[in-house]
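Engineer: So that you have it, the file is work-v3.txt, and it contains compact mmCIF, C-alpha atoms:
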# COMPACT_ATOMS: atom_id res chain seq x y z
CA MET A 107 -14.21 -19.25 14.59
CA THR A 108 -14.52 -23.02 15.10
CA PRO A 109 -13.39 -24.01 18.60
CA PRO A 110 -10.25 -26.11 18.33
CA PRO A 111 -10.64 -29.80 19.27
CA PRO A 112 -9.22 -30.82 22.65
CA ASP A 113 -5.59 -31.85 22.62
CA GLY A 114 -4.87 -35.56 22.35
CA PRO A 115 -2.34 -37.81 20.70
CA PRO A 116 -1.90 -36.71 17.08
CA ASP A 117 -3.80 -38.85 14.61
CA ARG A 118 -1.41 -39.23 11.68
CA ARG A 119 -3.68 -41.30 9.42
CA PRO A 120 -4.23 -39.58 6.06
CA GLY A 121 -7.40 -37.59 6.51
CA GLY A 122 -6.96 -37.78 10.29
CA ARG A 123 -6.80 -34.86 12.68
CA THR A 124 -3.18 -33.94 11.86
CA ALA A 125 -3.92 -33.82 8.15
CA ARG A 126 -7.15 -31.89 8.76
CA ILE A 127 -5.40 -29.25 10.84
CA ARG A 128 -2.73 -28.86 8.17
CA THR A 129 -5.40 -28.35 5.50
CA GLN A 130 -7.20 -25.74 7.63
CA VAL A 131 -3.98 -23.88 8.43
CA LEU A 132 -2.61 -23.87 4.88
CA ASP A 133 -5.99 -22.74 3.51
CA ALA A 134 -5.85 -19.90 6.02
CA VAL A 135 -2.28 -18.97 4.98
CA ARG A 136 -3.33 -18.78 1.33
CA ALA A 137 -6.40 -16.70 2.18
CA GLU A 138 -4.42 -14.27 4.37
CA LEU A 139 -1.66 -14.03 1.79
CA GLY A 140 -4.22 -13.30 -0.93
CA GLU A 141 -5.88 -10.60 1.15
CA HIS A 142 -2.95 -8.91 2.85
CA GLY A 143 0.24 -10.17 1.18
CA TYR A 144 3.34 -11.15 3.11
CA GLU A 145 3.26 -7.87 5.09
CA GLY A 146 -0.03 -8.77 6.73
CA LEU A 147 0.67 -12.46 7.31
CA THR A 148 0.88 -13.27 11.04
CA MET A 149 0.78 -16.49 13.03
CA GLU A 150 -2.13 -15.06 15.06
CA ALA A 151 -4.30 -14.22 12.04
CA VAL A 152 -3.63 -17.63 10.48
CA ALA A 153 -4.52 -19.48 13.70
CA ALA A 154 -7.69 -17.43 14.14
CA ARG A 155 -8.81 -17.91 10.56
CA ALA A 156 -8.04 -21.64 10.65
CA GLY A 157 -9.81 -22.09 13.99
CA VAL A 158 -6.72 -23.79 15.39
CA HIS A 159 -4.89 -23.14 18.69
CA ARG A 160 -2.08 -20.60 18.28
CA ALA A 161 0.15 -22.94 20.27
CA THR A 162 -0.45 -25.70 17.73
CA VAL A 163 0.47 -23.38 14.84
CA TYR A 164 3.66 -22.21 16.59
CA ARG A 165 4.66 -25.78 17.57
CA ARG A 166 4.18 -27.20 14.12
CA TRP A 167 5.27 -24.33 11.82
CA GLN A 168 7.46 -22.16 14.13
CA ASP A 169 7.07 -18.92 12.15
CA VAL A 170 5.66 -17.29 9.04
CA GLY A 171 8.54 -18.69 6.96
CA GLY A 172 7.56 -22.19 8.11
CA LEU A 173 3.95 -21.60 7.05
CA LEU A 174 4.99 -20.33 3.62
CA ALA A 175 7.40 -23.24 3.14
CA ASP A 176 4.62 -25.71 3.94
CA VAL A 177 2.21 -24.02 1.50
CA LEU A 178 4.88 -24.39 -1.18
CA ASP A 179 5.63 -27.99 -0.22
CA ALA A 180 1.90 -28.78 -0.25
CA ALA A 181 1.65 -27.33 -3.78
CA GLY A 182 4.15 -29.99 -4.85
CA GLU A 183 2.04 -32.81 -3.37
CA ASP A 184 -0.75 -32.58 -5.95
CA ASP A 185 -1.06 -34.76 -9.04
CA TRP A 186 -0.57 -31.91 -11.53
CA ALA A 187 0.73 -33.00 -14.92
CA PRO A 188 1.61 -30.80 -17.88
CA PRO A 189 -0.93 -30.48 -20.71
CA ASP A 190 -0.92 -33.21 -23.36
CA THR A 191 -2.24 -31.76 -26.62
CA GLY A 192 -0.45 -33.98 -29.14
CA SER A 193 2.28 -31.56 -30.23
CA LEU A 194 5.26 -29.83 -28.63
CA ARG A 195 4.06 -26.38 -29.62
CA GLY A 196 0.54 -27.14 -28.37
CA ASP A 197 1.81 -28.48 -25.04
CA LEU A 198 4.11 -25.49 -24.46
CA THR A 199 1.37 -23.02 -25.39
CA ALA A 200 -1.13 -24.68 -23.04
CA LEU A 201 1.51 -24.79 -20.28
CA ASN A 202 2.27 -21.07 -20.74
CA GLU A 203 -1.46 -20.30 -20.68
CA GLU A 204 -1.75 -22.09 -17.33
CA ILE A 205 1.24 -20.16 -15.99
CA GLN A 206 -0.08 -16.84 -17.27
CA GLU A 207 -3.52 -17.52 -15.77
CA SER A 208 -1.99 -18.31 -12.36
CA LEU A 209 0.06 -15.09 -12.40
CA VAL A 210 -2.67 -12.79 -13.70
CA ILE A 211 -5.55 -13.89 -11.45
CA ARG A 212 -6.04 -11.56 -8.44
CA PRO A 213 -5.05 -12.36 -5.83
CA SER A 214 -2.29 -14.49 -7.36
CA ILE A 215 -0.98 -16.90 -4.72
CA PRO A 216 2.04 -17.89 -6.88
CA GLN A 217 2.97 -14.19 -7.25
CA ALA A 218 2.59 -13.68 -3.49
CA LEU A 219 4.74 -16.74 -2.76
CA MET A 220 7.47 -15.61 -5.17
CA ALA A 221 7.50 -12.18 -3.51
CA ALA A 222 7.59 -13.81 -0.06
CA SER A 223 10.50 -16.01 -1.05
CA PHE A 224 12.66 -12.85 -1.25
CA ARG A 225 11.96 -12.36 2.46
CA SER A 226 12.25 -15.78 4.05
CA ALA A 227 15.08 -18.27 3.54
CA ARG A 228 12.74 -21.17 4.39
CA ALA A 229 10.23 -20.00 1.81
CA ALA A 230 13.05 -19.53 -0.73
CA ASP A 231 14.22 -23.12 -0.21
CA ALA A 232 10.67 -24.47 -0.56
CA GLN A 233 10.06 -22.32 -3.63
CA GLN A 234 13.21 -23.78 -5.18
CA ARG A 235 11.96 -27.34 -4.43
CA LEU A 236 8.63 -26.52 -6.06
CA TRP A 237 10.25 -25.08 -9.20
CA GLU A 238 12.43 -28.20 -9.43
CA ASP A 239 9.41 -30.48 -9.04
CA ARG A 240 7.36 -28.59 -11.65
CA TYR A 241 10.13 -28.47 -14.26
CA THR A 242 10.85 -32.16 -13.68
CA ARG A 243 7.20 -33.03 -14.30
CA CYS A 244 7.23 -30.86 -17.44
CA GLU A 245 10.04 -32.93 -18.89
CA ALA A 246 7.26 -35.34 -19.99
CA VAL A 247 6.34 -32.74 -22.64
CA VAL A 248 9.81 -33.02 -24.17
CA GLU A 249 9.94 -36.82 -23.81
CA ARG A 250 6.64 -37.15 -25.69
CA ALA A 251 7.94 -34.83 -28.44
CA VAL A 252 11.07 -36.97 -28.74
CA GLY A 253 8.83 -40.08 -28.89
CA ARG A 254 6.79 -38.53 -31.72
CA GLY A 255 9.99 -37.69 -33.61
CA GLU A 256 9.42 -33.93 -33.22
CA LEU A 257 12.75 -33.54 -31.40
CA PRO A 258 16.08 -35.34 -31.58
CA PRO A 259 16.71 -37.78 -28.69
CA HIS A 260 19.55 -35.77 -27.17
CA THR A 261 17.49 -32.69 -26.37
CA ASP A 262 18.17 -30.79 -23.17
CA ALA A 263 14.61 -30.82 -21.82
CA ARG A 264 15.25 -28.40 -18.98
CA ARG A 265 16.82 -25.72 -21.19
CA LEU A 266 13.97 -26.03 -23.67
CA LEU A 267 11.37 -25.67 -20.90
CA ILE A 268 13.14 -22.65 -19.38
CA ALA A 269 13.33 -20.96 -22.80
CA ALA A 270 9.60 -21.57 -23.36
CA THR A 271 8.39 -20.39 -19.96
CA ALA A 272 10.92 -17.75 -18.80
CA PRO A 273 9.44 -14.91 -20.91
CA ILE A 274 6.06 -15.34 -19.17
CA TYR A 275 7.57 -15.01 -15.69
CA HIS A 276 9.91 -12.24 -16.84
CA GLN A 277 7.08 -10.15 -18.29
CA LEU A 278 4.51 -10.72 -15.55
CA VAL A 279 6.62 -11.03 -12.37
CA LEU A 280 9.74 -8.92 -12.94
CA LEU A 281 8.77 -6.44 -15.69
CA ARG A 282 5.17 -6.16 -14.37
CA ALA A 283 3.92 -5.82 -17.95
CA ALA A 284 0.22 -5.86 -18.74
CA PRO A 285 -0.86 -9.41 -19.69
CA ASP A 286 -0.67 -9.99 -23.44
CA PRO A 287 -2.95 -12.76 -24.75
CA ARG A 288 -0.44 -13.58 -27.51
CA LEU A 289 2.48 -14.08 -25.13
CA ALA A 290 1.85 -17.75 -24.25
CA ALA A 291 1.79 -18.91 -27.87
CA GLN A 292 4.63 -16.61 -28.95
CA ALA A 293 7.01 -17.86 -26.27
CA ALA A 294 6.04 -21.49 -27.03
CA THR A 295 6.59 -20.96 -30.76
CA THR A 296 9.96 -19.32 -30.15
CA ALA A 297 11.16 -22.31 -28.11
CA ASP A 298 9.75 -24.75 -30.67
CA LEU A 299 11.51 -22.99 -33.59
CA ALA A 300 14.77 -22.79 -31.63
CA ALA A 301 14.47 -26.51 -30.79
CA ALA A 302 13.94 -27.39 -34.46
CA ALA A 303 17.11 -25.39 -35.24
CA GLY A 304 19.09 -27.44 -32.72
CA ALA A 305 19.32 -24.87 -29.91
CA PHE A 306 18.82 -27.47 -27.17
CA ALA A 307 20.89 -30.31 -28.61
CA ARG A 308 23.10 -32.08 -26.11
CA PRO A 309 26.17 -33.98 -27.20
CA ALA A 310 25.23 -37.67 -27.57
CA PRO A 311 26.64 -39.84 -24.74
CA GLY A 312 30.17 -40.80 -25.75
CA ASP A 313 30.66 -37.57 -27.72
CA GLU A 314 31.38 -35.59 -24.58
CA GLY A 315 35.08 -36.15 -23.85
CA MET B 100 30.02 11.44 10.34
CA THR B 101 30.73 14.62 8.36
CA PRO B 102 28.85 17.58 9.84
CA PRO B 103 26.16 18.65 7.38
CA PRO B 104 26.71 22.04 5.74
CA PRO B 105 24.58 24.91 7.06
CA ASP B 106 21.23 25.30 5.37
CA GLY B 107 21.05 27.82 2.55
CA PRO B 108 19.31 28.22 -0.79
CA PRO B 109 19.71 24.94 -2.73
CA ASP B 110 22.37 25.14 -5.41
CA ARG B 111 20.87 23.34 -8.40
CA ARG B 112 23.83 23.71 -10.76
CA PRO B 113 25.05 20.30 -11.97
CA GLY B 114 27.78 19.35 -9.55
CA GLY B 115 26.43 21.89 -7.05
CA ARG B 116 25.35 21.19 -3.48
CA THR B 117 22.00 19.64 -4.42
CA ALA B 118 23.65 17.22 -6.84
CA ARG B 119 26.41 16.46 -4.34
CA ILE B 120 23.95 15.62 -1.58
CA ARG B 121 22.03 13.35 -3.94
CA THR B 122 25.23 11.50 -4.86
CA GLN B 123 26.16 11.06 -1.19
CA VAL B 124 22.70 9.86 -0.24
CA LEU B 125 22.27 7.44 -3.14
CA ASP B 126 25.77 6.01 -2.55
CA ALA B 127 24.73 5.46 1.07
CA VAL B 128 21.48 3.74 -0.01
CA ARG B 129 23.40 1.34 -2.25
CA ALA B 130 25.95 0.62 0.48
CA GLU B 131 23.25 0.00 3.12
CA LEU B 132 21.24 -2.13 0.70
CA GLY B 133 24.30 -4.20 -0.14
CA GLU B 134 25.15 -4.73 3.54
CA HIS B 135 21.72 -5.19 5.09
CA GLY B 136 19.19 -5.63 2.27
CA TYR B 137 15.81 -3.93 2.27
CA GLU B 138 15.09 -5.13 5.82
CA GLY B 139 17.92 -3.08 7.25
CA LEU B 140 17.44 0.03 5.13
CA THR B 141 16.38 3.02 7.24
CA MET B 142 16.26 6.75 6.63
CA GLU B 143 18.41 7.25 9.74
CA ALA B 144 21.17 4.88 8.65
CA VAL B 145 21.26 6.42 5.18
CA ALA B 146 21.46 9.97 6.55
CA ALA B 147 24.21 9.01 9.00
CA ARG B 148 26.22 7.17 6.37
CA ALA B 149 25.83 10.00 3.85
CA GLY B 150 26.71 12.66 6.43
CA VAL B 151 23.54 14.57 5.56
CA HIS B 152 20.86 16.00 7.88
CA ARG B 153 18.04 13.53 8.53
CA ALA B 154 15.60 16.37 7.88
CA THR B 155 17.09 16.88 4.42
CA VAL B 156 16.72 13.19 3.59
CA TYR B 157 13.09 13.12 4.78
CA ARG B 158 12.22 16.35 2.95
CA ARG B 159 13.72 15.27 -0.32
CA TRP B 160 12.98 11.50 -0.44
CA GLN B 161 10.08 11.12 2.06
CA ASP B 162 10.64 7.42 2.83
CA VAL B 163 12.64 4.32 1.99
CA GLY B 164 10.53 3.76 -1.13
CA GLY B 165 11.51 7.24 -2.31
CA LEU B 166 15.20 6.48 -1.78
CA LEU B 167 14.94 3.20 -3.71
CA ALA B 168 13.02 4.87 -6.53
CA ASP B 169 15.74 7.54 -6.85
CA VAL B 170 18.51 4.91 -6.90
CA LEU B 171 16.66 3.21 -9.76
CA ASP B 172 16.04 6.50 -11.58
CA ALA B 173 19.72 7.43 -11.16
CA ALA B 174 20.70 4.09 -12.72
CA GLY B 175 18.83 5.17 -15.84
CA GLU B 176 20.77 8.47 -16.05
CA ASP B 177 24.07 6.89 -17.08
CA ASP B 178 25.34 6.58 -20.63
CA TRP B 179 25.23 2.78 -20.73
CA ALA B 180 24.95 1.30 -24.20
CA PRO B 181 24.63 -2.36 -25.15
CA PRO B 182 27.76 -4.18 -26.36
CA ASP B 183 28.69 -3.83 -30.04
CA THR B 184 30.64 -6.91 -31.13
CA GLY B 185 29.75 -7.02 -34.81
CA SER B 186 27.17 -9.81 -34.73
CA LEU B 187 23.75 -10.39 -33.21
CA ARG B 188 24.83 -13.52 -31.39
CA GLY B 189 27.96 -11.81 -30.09
CA ASP B 190 26.02 -8.76 -28.88
CA LEU B 191 23.39 -10.88 -27.11
CA THR B 192 26.03 -13.08 -25.50
CA ALA B 193 28.00 -10.08 -24.25
CA LEU B 194 24.77 -8.47 -22.99
CA ASN B 195 23.82 -11.66 -21.12
CA GLU B 196 27.31 -11.85 -19.63
CA GLU B 197 26.91 -8.31 -18.30
CA ILE B 198 23.51 -9.19 -16.84
CA GLN B 199 24.80 -12.41 -15.29
CA GLU B 200 27.79 -10.59 -13.79
CA SER B 201 25.54 -7.95 -12.21
CA LEU B 202 23.28 -10.61 -10.68
CA VAL B 203 26.03 -12.93 -9.44
CA ILE B 204 28.33 -10.37 -7.81
CA ARG B 205 27.85 -10.13 -4.00
CA PRO B 206 26.29 -7.95 -2.88
CA SER B 207 24.21 -7.58 -6.05
CA ILE B 208 22.49 -4.19 -6.00
CA PRO B 209 20.23 -5.12 -8.98
CA GLN B 210 19.07 -8.25 -7.09
CA ALA B 211 18.44 -6.19 -3.95
CA LEU B 212 16.48 -3.60 -5.94
CA MET B 213 14.33 -6.27 -7.64
CA ALA B 214 13.58 -7.80 -4.24
CA ALA B 215 12.76 -4.35 -2.83
CA SER B 216 10.42 -3.60 -5.70
CA PHE B 217 8.09 -6.32 -4.35
CA ARG B 218 7.78 -4.23 -1.16
CA SER B 219 7.42 -0.65 -2.31
CA ALA B 220 5.08 0.64 -4.99
CA ARG B 221 7.38 3.63 -5.66
CA ALA B 222 10.35 1.30 -6.13
CA ALA B 223 8.24 -0.95 -8.38
CA ASP B 224 7.31 2.00 -10.61
CA ALA B 225 10.93 3.14 -10.82
CA GLN B 226 12.11 -0.43 -11.51
CA GLN B 227 9.61 -0.61 -14.37
CA ARG B 228 10.94 2.68 -15.81
CA LEU B 229 14.50 1.34 -15.61
CA TRP B 230 13.59 -1.94 -17.38
CA GLU B 231 11.85 0.09 -20.09
CA ASP B 232 14.87 2.36 -20.51
CA ARG B 233 17.32 -0.56 -20.67
CA TYR B 234 15.31 -2.60 -23.19
CA THR B 235 14.80 0.51 -25.31
CA ARG B 236 18.57 1.13 -25.41
CA CYS B 237 19.12 -2.56 -26.29
CA GLU B 238 16.97 -2.19 -29.39
CA ALA B 239 20.14 -0.81 -31.03
CA VAL B 240 21.45 -4.41 -31.04
CA VAL B 241 18.53 -5.51 -33.19
CA GLU B 242 18.67 -2.42 -35.41
CA ARG B 243 22.35 -3.08 -36.14
CA ALA B 244 21.57 -6.72 -36.97
CA VAL B 245 18.83 -5.59 -39.36
CA GLY B 246 21.30 -3.14 -40.90
CA ARG B 247 23.84 -5.93 -41.42
CA GLY B 248 21.15 -8.08 -43.06
CA GLU B 249 21.25 -10.64 -40.21
CA LEU B 250 17.57 -10.08 -39.46
CA PRO B 251 14.57 -9.14 -41.61
CA PRO B 252 13.47 -5.48 -41.27
CA HIS B 253 10.16 -6.31 -39.58
CA THR B 254 11.65 -7.92 -36.50
CA ASP B 255 10.01 -7.36 -33.12
CA ALA B 256 13.12 -6.13 -31.28
CA ARG B 257 11.57 -6.19 -27.83
CA ARG B 258 10.35 -9.79 -28.10
CA LEU B 259 13.75 -10.91 -29.36
CA LEU B 260 15.52 -9.13 -26.49
CA ILE B 261 13.14 -10.61 -23.90
CA ALA B 262 13.67 -14.11 -25.33
CA ALA B 263 17.45 -13.66 -25.17
CA THR B 264 17.64 -12.25 -21.65
CA ALA B 265 14.67 -13.74 -19.74
CA PRO B 266 16.37 -17.12 -19.07
CA ILE B 267 19.23 -15.34 -17.24
CA TYR B 268 16.87 -13.49 -14.89
CA HIS B 269 14.64 -16.57 -14.53
CA GLN B 270 17.53 -18.83 -13.51
CA LEU B 271 19.36 -16.38 -11.26
CA VAL B 272 16.58 -14.30 -9.69
CA LEU B 273 13.53 -16.57 -9.53
CA LEU B 274 14.91 -20.13 -9.67
CA ARG B 275 18.01 -19.14 -7.64
CA ALA B 276 20.08 -21.58 -9.67
CA ALA B 277 23.86 -21.71 -9.35
CA PRO B 278 25.46 -19.54 -12.05
CA ASP B 279 26.28 -21.54 -15.18
CA PRO B 280 29.07 -20.05 -17.33
CA ARG B 281 27.40 -21.48 -20.48
CA LEU B 282 24.05 -19.81 -19.82
CA ALA B 283 24.79 -16.40 -21.40
CA ALA B 284 25.87 -17.85 -24.74
CA GLN B 285 23.19 -20.56 -24.75
CA ALA B 286 20.34 -18.11 -24.24
CA ALA B 287 21.80 -15.76 -26.86
CA THR B 288 22.15 -18.62 -29.35
CA THR B 289 18.60 -19.79 -28.71
CA ALA B 290 17.22 -16.32 -29.47
CA ASP B 291 19.45 -15.99 -32.53
CA LEU B 292 18.33 -19.37 -33.94
CA ALA B 293 14.68 -18.57 -33.22
CA ALA B 294 15.10 -15.18 -34.94
CA ALA B 295 16.61 -16.83 -38.02
CA ALA B 296 13.57 -19.15 -38.08
CA GLY B 297 11.21 -16.14 -38.09
CA ALA B 298 10.05 -16.32 -34.47
CA PHE B 299 10.07 -12.53 -34.03
CA ALA B 300 8.72 -11.51 -37.43
CA ARG B 301 6.13 -8.77 -37.33
CA PRO B 302 3.65 -8.35 -40.14
CA ALA B 303 4.96 -5.70 -42.57
CA PRO B 304 3.07 -2.37 -42.28
CA GLY B 305 0.00 -2.70 -44.46
CA ASP B 306 -0.26 -6.48 -43.94
CA GLU B 307 -1.92 -6.13 -40.57
CA GLY B 308 -5.61 -5.67 -41.30
What's the C-alpha cells form of this structure?
Structural biologist:
Amino acid sequence: MTPPPPDGPPDRRPGGRTARIRTQVLDAVRAELGEHGYEGLTMEAVAARAGVHRATVYRRWQDVGGLLADVLDAAGEDDWAPPDTGSLRGDLTALNEEIQESLVIRPSIPQALMAASFRSARAADAQQRLWEDRYTRCEAVVERAVGRGELPPHTDARRLLIAATAPIYHQLVLLRAAPDPRLAAQAATTADLAAAAGAFARPAPGDEG
Amino acid sequence: MTPPPPDGPPDRRPGGRTARIRTQVLDAVRAELGEHGYEGLTMEAVAARAGVHRATVYRRWQDVGGLLADVLDAAGEDDWAPPDTGSLRGDLTALNEEIQESLVIRPSIPQALMAASFRSARAADAQQRLWEDRYTRCEAVVERAVGRGELPPHTDARRLLIAATAPIYHQLVLLRAAPDPRLAAQAATTADLAAAAGAFARPAPGDEG
C-alpha cells in the first residue's frame, strides 16, 4: 500500500493531486466491485486498495453510494462516441456488440453498477445520468442516417435507439440468458426494419395540434 | 400474532395445513417486500406477520433467498394467459399495458423481486424460471397471429415477444423513466411492423443447412 501524501491544500489543477486521488480511488472501487460485488464494497477496502487516507475517502465521497455515483459520473466524462460504420444497421449492430461485450465480460463493471443502483439512491441517480448521456450521444447515429436519407427527418431518435438496444439489456441483465452471438445484429435489424416501416415517425412540427 | 397450530404430521392435501401455511408465509413475504424492500426482509418478520412458527419457516424455506424463490415459483402456478384481443398488435399492446401496470403500481412486487434477484442466487434462478414460463405462455399470441395469417408460419415467437416487451422493462426497470402512457402501444406497434417486414423470420425447416 502506497503511503498517502501528507495533507496540504488541495491541488485542483487537472492532473493535480485532487485528480490523482480521484483516479486512484475510482480505480479501486471498480476493482473491488469486480472482485466482490456491491456486497463486499467497503470504504475501508477502497481506501486501502487506493493507498489513500480513509478520512480523505469519507470526506470526499461520504459513503459507498457516493463512490458508486462518482464511478458512474466518471464514466460519462470520457470521449466515447457511437460507432460510425456508414449505415444505420451497421452502426446499431456495432453499438449492440459493444454493449453485449461490456455485459458479458467477467467481471462486468456495468452489470455490477446496474445491480448496485437497485441498492443506493445516489447510484441510481448517477446511473440515470449516465444512461441519459449515452443515449444522447447515440442520437448521432440517427442524425447521420437522416443525413444519408436512410430515415425521414422526423424520426424519434430516442425511441429508435431504445428499440435497438433494449433486447440486449433485457436478455443479458434481466433474463440472464446465455450470450447469443446473433443477438446484436438481430436487434439492430429489427429496429432498422421497424424504422423503415415508419415505427419511429414523429409528427412534423406544426402537425401536432 | 395468531398462535401457530400445534405440530403434527404435515397435511399435504391441496388446501390442507401445508398449503395454508405456504399461502400465509408467501403473503407475508410479499407484504414485507412491498413495505420494506429486500433490505428489510427477515425470516423473523415474515414468521411474525404470517403467524407461523419461526422454526417452521426456517425448516421449510431455509433463508430469505428461499422465501423469494418460492414467491417467484408460486407466481408461475397461476392460470395467467396473455390477452386475446383478435389481432397481434392488440394482443401485444394489452400485454405491454399489463406489464407496465405491474411495474408502475406502488409497491411493485415484480420490481422488488427483480431487484432482489441481483442479491440472491436462489431468487435469480426462480426469476429465470418465471420469465421462461411467462414468455412460453405468451407464445400463444404469436401462434394465434400465425393462425390468422397475420404472420408467416416460420416466425421466431420468442424474439418477437422480446422485441415487443423489452422496451417496457428497459424504460421502467433499468432507465427508471417516468411512465409514458404511449409506450405500451408504441413498443407493440414497433414489433408488429418489424414482424411484417420479416424481422423475426426463421429459416423454414430444411433450409437451415
Engineer: Contacts of range 222-230 of chain A at 7 Å or less, counting all atoms listed in the file, minus same-chain residues fewer than 4 places along, as number ranges by chain?
Structural biologist: A: 144, 171-172, 174-175, 218, 234; B: 214
Engineer: Could you check which of B:Leu282, B:Ala173, B:Leu274, B:Leu140 is closest to Ile198 in chain B, using only C-alpha atoms?
Structural biologist: B:Leu282
Engineer: Write out as a list in words which residues come within 8 Å of Val247 in chain A when counting only C-alpha atoms, dropping same-chain ones fewer than 3 positions away.
Structural biologist: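 Everything that qualifies: Pro188, Pro189, Asp190, Leu194, Asp197, Leu198, Cys244, Arg250 and Ala251 of chain A.
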Engineer: Take the selection from the previous step and output its residues with C-alpha atoms, as a PDB file, in the coordinates of the input.
Structural biologist:
ATOM      1  CA  PRO A 188       1.610 -30.800 -17.880  1.00  0.00           C
ATOM      2  CA  PRO A 189      -0.930 -30.480 -20.710  1.00  0.00           C
ATOM      3  CA  ASP A 190      -0.920 -33.210 -23.360  1.00  0.00           C
ATOM      4  CA  LEU A 194       5.260 -29.830 -28.630  1.00  0.00           C
ATOM      5  CA  ASP A 197       1.810 -28.480 -25.040  1.00  0.00           C
ATOM      6  CA  LEU A 198       4.110 -25.490 -24.460  1.00  0.00           C
ATOM      7  CA  CYS A 244       7.230 -30.860 -17.440  1.00  0.00           C
ATOM      8  CA  ARG A 250       6.640 -37.150 -25.690  1.00  0.00           C
ATOM      9  CA  ALA A 251       7.940 -34.830 -28.440  1.00  0.00           C
TER      10      ALA A 251
END
Engineer: Kindly assemble as JSON lines a list of the chain B residues that lie within 10 Å of chain A, each paired with its nearest atom pair and their distance in Å to one decimal, using only C-alpha atoms, sorted first by chain and then by ascending residue number.
Structural biologist:
{"residue": "B:Gly136", "atom": "CA", "partner": "A:Arg225", "partner_atom": "CA", "distance": 9.9}
{"residue": "B:Tyr137", "atom": "CA", "partner": "A:Arg225", "partner_atom": "CA", "distance": 9.3}
{"residue": "B:Glu138", "atom": "CA", "partner": "A:Arg225", "partner_atom": "CA", "distance": 8.6}
{"residue": "B:Gln210", "atom": "CA", "partner": "A:Phe224", "partner_atom": "CA", "distance": 9.8}
{"residue": "B:Ala211", "atom": "CA", "partner": "A:Phe224", "partner_atom": "CA", "distance": 9.2}
{"residue": "B:Met213", "atom": "CA", "partner": "A:Leu280", "partner_atom": "CA", "distance": 7.5}
{"residue": "B:Ala214", "atom": "CA", "partner": "A:Phe224", "partner_atom": "CA", "distance": 5.9}
{"residue": "B:Ala215", "atom": "CA", "partner": "A:Phe224", "partner_atom": "CA", "distance": 8.6}
{"residue": "B:Ser216", "atom": "CA", "partner": "A:Leu280", "partner_atom": "CA", "distance": 9.0}
{"residue": "B:Phe217", "atom": "CA", "partner": "A:Ala221", "partner_atom": "CA", "distance": 5.9}
{"residue": "B:Arg218", "atom": "CA", "partner": "A:Ala221", "partner_atom": "CA", "distance": 8.3}
{"residue": "B:Ala223", "atom": "CA", "partner": "A:Arg282", "partner_atom": "CA", "distance": 8.5}
{"residue": "B:Asp224", "atom": "CA", "partner": "A:Arg282", "partner_atom": "CA", "distance": 9.2}
{"residue": "B:Gln226", "atom": "CA", "partner": "A:Leu281", "partner_atom": "CA", "distance": 8.0}
{"residue": "B:Gln227", "atom": "CA", "partner": "A:Leu281", "partner_atom": "CA", "distance": 6.0}
{"residue": "B:Arg228", "atom": "CA", "partner": "A:Leu281", "partner_atom": "CA", "distance": 9.4}
{"residue": "B:Leu229", "atom": "CA", "partner": "A:Leu281", "partner_atom": "CA", "distance": 9.7}
{"residue": "B:Trp230", "atom": "CA", "partner": "A:Leu281", "partner_atom": "CA", "distance": 6.8}
{"residue": "B:Glu231", "atom": "CA", "partner": "A:Leu281", "partner_atom": "CA", "distance": 8.5}
{"residue": "B:Arg258", "atom": "CA", "partner": "A:Pro273", "partner_atom": "CA", "distance": 8.9}
{"residue": "B:Leu259", "atom": "CA", "partner": "A:Thr296", "partner_atom": "CA", "distance": 9.3}
{"residue": "B:Ile261", "atom": "CA", "partner": "A:Pro273", "partner_atom": "CA", "distance": 6.4}
{"residue": "B:Ala262", "atom": "CA", "partner": "A:Pro273", "partner_atom": "CA", "distance": 6.2}
{"residue": "B:Ala263", "atom": "CA", "partner": "A:Ala269", "partner_atom": "CA", "distance": 8.7}
{"residue": "B:Thr264", "atom": "CA", "partner": "A:Pro273", "partner_atom": "CA", "distance": 8.7}
{"residue": "B:Ala265", "atom": "CA", "partner": "A:Pro273", "partner_atom": "CA", "distance": 5.5}
{"residue": "B:Pro266", "atom": "CA", "partner": "A:Ala272", "partner_atom": "CA", "distance": 5.5}
{"residue": "B:Ile267", "atom": "CA", "partner": "A:Ala272", "partner_atom": "CA", "distance": 8.8}
{"residue": "B:Tyr268", "atom": "CA", "partner": "A:His276", "partner_atom": "CA", "distance": 7.3}
{"residue": "B:His269", "atom": "CA", "partner": "A:Ala272", "partner_atom": "CA", "distance": 5.8}
{"residue": "B:Gln270", "atom": "CA", "partner": "A:Ile268", "partner_atom": "CA", "distance": 8.3}
{"residue": "B:Val272", "atom": "CA", "partner": "A:Leu280", "partner_atom": "CA", "distance": 9.3}
{"residue": "B:Leu273", "atom": "CA", "partner": "A:Met220", "partner_atom": "CA", "distance": 7.5}
{"residue": "B:Leu274", "atom": "CA", "partner": "A:Gln234", "partner_atom": "CA", "distance": 6.0}
{"residue": "B:Arg275", "atom": "CA", "partner": "A:Gln234", "partner_atom": "CA", "distance": 7.1}
{"residue": "B:Ala276", "atom": "CA", "partner": "A:Gln234", "partner_atom": "CA", "distance": 8.5}
{"residue": "B:Leu282", "atom": "CA", "partner": "A:Arg265", "partner_atom": "CA", "distance": 9.4}
{"residue": "B:Gln285", "atom": "CA", "partner": "A:Ala305", "partner_atom": "CA", "distance": 7.8}
{"residue": "B:Ala286", "atom": "CA", "partner": "A:Ala269", "partner_atom": "CA", "distance": 7.7}
{"residue": "B:Ala287", "atom": "CA", "partner": "A:Ala305", "partner_atom": "CA", "distance": 9.9}
{"residue": "B:Thr288", "atom": "CA", "partner": "A:Ala305", "partner_atom": "CA", "distance": 6.9}
{"residue": "B:Thr289", "atom": "CA", "partner": "A:Ala305", "partner_atom": "CA", "distance": 5.3}
{"residue": "B:Ala290", "atom": "CA", "partner": "A:Ala300", "partner_atom": "CA", "distance": 7.2}
{"residue": "B:Asp291", "atom": "CA", "partner": "A:Ala300", "partner_atom": "CA", "distance": 8.3}
{"residue": "B:Leu292", "atom": "CA", "partner": "A:Ala300", "partner_atom": "CA", "distance": 5.5}
{"residue": "B:Ala293", "atom": "CA", "partner": "A:Ala300", "partner_atom": "CA", "distance": 4.5}
{"residue": "B:Ala294", "atom": "CA", "partner": "A:Thr296", "partner_atom": "CA", "distance": 8.2}
{"residue": "B:Ala295", "atom": "CA", "partner": "A:Ala300", "partner_atom": "CA", "distance": 8.9}
{"residue": "B:Ala296", "atom": "CA", "partner": "A:Leu299", "partner_atom": "CA", "distance": 6.3}
{"residue": "B:Gly297", "atom": "CA", "partner": "A:Leu299", "partner_atom": "CA", "distance": 8.2}
{"residue": "B:Ala298", "atom": "CA", "partner": "A:Thr296", "partner_atom": "CA", "distance": 5.3}
{"residue": "B:Phe299", "atom": "CA", "partner": "A:Thr296", "partner_atom": "CA", "distance": 7.8}
